[in-house]
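The structure file start28.pdb is reproduced below (PDB, C-alpha atoms).
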ATOM      1  CA  MET N   1       2.642-136.134 166.815
ATOM      2  CA  SER N   2       5.546-134.163 165.429
ATOM      3  CA  SER N   3       5.699-130.810 163.640
ATOM      4  CA  GLU N   4       5.524-132.691 160.368
ATOM      5  CA  THR N   5       2.122-134.093 161.283
ATOM      6  CA  MET N   6       0.877-131.167 163.405
ATOM      7  CA  PHE N   7       1.320-128.484 160.756
ATOM      8  CA  PRO N   8      -0.949-130.154 158.179
ATOM      9  CA  GLU N   9      -3.633-130.586 160.846
ATOM     10  CA  VAL N  10      -3.445-126.936 161.942
ATOM     11  CA  GLN N  11      -3.284-125.893 158.284
ATOM     12  CA  ARG N  12      -6.411-127.898 157.468
ATOM     13  CA  ILE N  13      -8.351-126.526 160.444
ATOM     14  CA  LEU N  14      -7.395-122.915 159.693
ATOM     15  CA  ALA N  15      -8.082-123.180 155.971
ATOM     16  CA  LYS N  16     -11.527-124.636 156.589
ATOM     17  CA  GLN N  17     -12.441-122.224 159.364
ATOM     18  CA  LEU N  18     -11.212-119.115 157.556
ATOM     19  CA  ARG N  19     -12.348-120.301 154.111
ATOM     20  CA  LYS N  20      -8.847-119.966 152.712
ATOM     21  CA  ASP N  21      -7.042-122.012 150.101
ATOM     22  CA  ILE N  22      -5.043-124.585 152.045
ATOM     23  CA  ASP N  23      -1.823-123.585 150.248
ATOM     24  CA  SER N  24      -2.185-120.014 151.527
ATOM     25  CA  VAL N  25      -1.827-121.246 155.131
ATOM     26  CA  ARG N  26       1.927-121.548 155.711
ATOM     27  CA  PRO N  27       3.964-121.863 158.910
ATOM     28  CA  GLU N  28       5.122-118.252 158.610
ATOM     29  CA  SER N  29       1.605-116.910 157.956
ATOM     30  CA  LYS N  30       0.447-114.397 160.538
ATOM     31  CA  ILE N  31      -2.949-115.573 161.711
ATOM     32  CA  LYS N  32      -4.546-112.113 161.910
ATOM     33  CA  GLU N  33      -2.650-110.066 159.330
ATOM     34  CA  ASP N  34      -2.055-112.642 156.576
ATOM     35  CA  LEU N  35      -5.056-114.917 157.036
ATOM     36  CA  GLY N  36      -7.571-112.305 158.179
ATOM     37  CA  ALA N  37      -8.605-114.050 161.396
ATOM     38  CA  ASP N  38     -10.279-112.038 164.113
ATOM     39  CA  SER N  39     -10.342-112.800 167.831
ATOM     40  CA  LEU N  40     -13.422-115.005 167.495
ATOM     41  CA  ASP N  41     -11.776-117.027 164.704
ATOM     42  CA  ILE N  42      -8.725-117.618 166.897
ATOM     43  CA  LEU N  43     -10.887-118.647 169.841
ATOM     44  CA  GLN N  44     -12.813-121.090 167.644
ATOM     45  CA  LEU N  45      -9.546-122.509 166.273
ATOM     46  CA  LEU N  46      -8.227-123.105 169.758
ATOM     47  CA  MET N  47     -11.483-124.676 170.918
ATOM     48  CA  LYS N  48     -11.348-127.039 167.929
ATOM     49  CA  ILE N  49      -7.748-127.977 168.728
ATOM     50  CA  GLU N  50      -8.609-128.501 172.397
ATOM     51  CA  ASP N  51     -11.504-130.780 171.439
ATOM     52  CA  ASP N  52      -9.545-132.712 168.801
ATOM     53  CA  TYR N  53      -6.430-133.253 170.907
ATOM     54  CA  GLY N  54      -7.855-133.333 174.431
ATOM     55  CA  ILE N  55      -5.667-130.522 175.693
ATOM     56  CA  VAL N  56      -6.341-127.222 177.435
ATOM     57  CA  ILE N  57      -4.757-124.070 176.061
ATOM     58  CA  PRO N  58      -4.311-121.487 178.854
ATOM     59  CA  ASP N  59      -5.751-118.051 178.129
ATOM     60  CA  GLU N  60      -2.349-116.427 178.601
ATOM     61  CA  GLN N  61      -1.045-118.498 175.659
ATOM     62  CA  LEU N  62      -3.569-116.933 173.282
ATOM     63  CA  ALA N  63      -1.646-113.669 172.995
ATOM     64  CA  GLY N  64       1.455-115.592 171.943
ATOM     65  CA  PHE N  65      -0.148-117.147 168.892
ATOM     66  CA  GLU N  66       0.819-114.697 166.173
ATOM     67  CA  LYS N  67       1.879-117.109 163.420
ATOM     68  CA  VAL N  68       0.676-120.549 162.404
ATOM     69  CA  SER N  69       4.059-121.896 163.509
ATOM     70  CA  ASP N  70       3.390-120.604 167.040
ATOM     71  CA  VAL N  71       0.311-122.836 167.306
ATOM     72  CA  VAL N  72       2.251-125.807 165.923
ATOM     73  CA  ALA N  73       5.143-125.193 168.368
ATOM     74  CA  PHE N  74       2.711-125.079 171.304
ATOM     75  CA  LEU N  75       1.111-128.365 170.234
ATOM     76  CA  ASP N  76       4.543-129.938 169.795
ATOM     77  CA  ALA N  77       5.477-128.869 173.339
ATOM     78  CA  GLN N  78       2.239-130.333 174.686
ATOM     79  CA  ASN N  79       2.891-133.605 172.881
ATOM     80  CA  ALA N  80       6.434-133.732 174.269
ATOM     81  CA  LYS N  81       5.081-133.268 177.814
ATOM     82  CA  ASN N  82       2.553-136.049 177.334
ATOM     83  CA  ALA N  83       4.963-138.468 175.660
TER      84      ALA N  83
END

Would you mind writing the file out in structure tokens?
Amino acid sequence: MSSETMFPEVQRILAKQLRKDIDSVRPESKIKEDLGADSLDILQLLMKIEDDYGIVIPDEQLAGFEKVSDVVAFLDAQNAKNA
């Protein structure tokens, strides 16, 4: 999957989980500050992504996920490795 297909998936998951309007979840949105996610929300998001895509996200990566685009970039890199 490419960024074009990964972003809408991450957007959908975040909007549903955080009960936000889907249009308010943008690539530049900060997950905590703009979308109001707490640490548990982020953990649940990552667990959902791991389950949906069959990947493992290392704990040290969690701190690097500040914006929605950071999550998408990580998934893109994982897809490139597995391609």

- request: Could you give me, as a PyMOL selection string, the residues that sit within 9 Å of (-0.1, -120.8, 158.7) in the file's coordinates, counting only C-alpha atoms?
  value: chain N and resi 7+10-11+14-15+24-31+34-35+67-69+71

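The residues caught by the PyMOL selection byres ((chain N and resi 82) around 12) in this file are Met1, Tyr53, Gly54, Ile55, Leu75, Asp76, Ala77, Gln78, Asn79, Ala80, Lys81 and Ala83 of chain N.
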
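Excluding Pro58 in chain N and any residue on its chain fewer than 6 positions from it, the residues at most 12 Å away by only C-alpha atoms are Leu43, Leu46, Met47, Glu50, Gly64, Phe65, Phe74 and Gln78 of chain N.
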
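CA of Glu60 in chain N is found 29.4 Å from CA of Asp21 in chain N.
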
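Interatomic distance, CA of Lys20 in chain N against CA of Gln44 in chain N: 15.5 Å.
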
query: In Å, how far is it from CA of Ala37 in chain N to CA of Ala73 in chain N?
result: 19.0 Å

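For the choices N:Asp70, N:Asp59, N:Leu45, N:Asp51, the atom-to-atom distance to Arg12 in chain N is smallest for N:Leu45 when using only C-alpha atoms.
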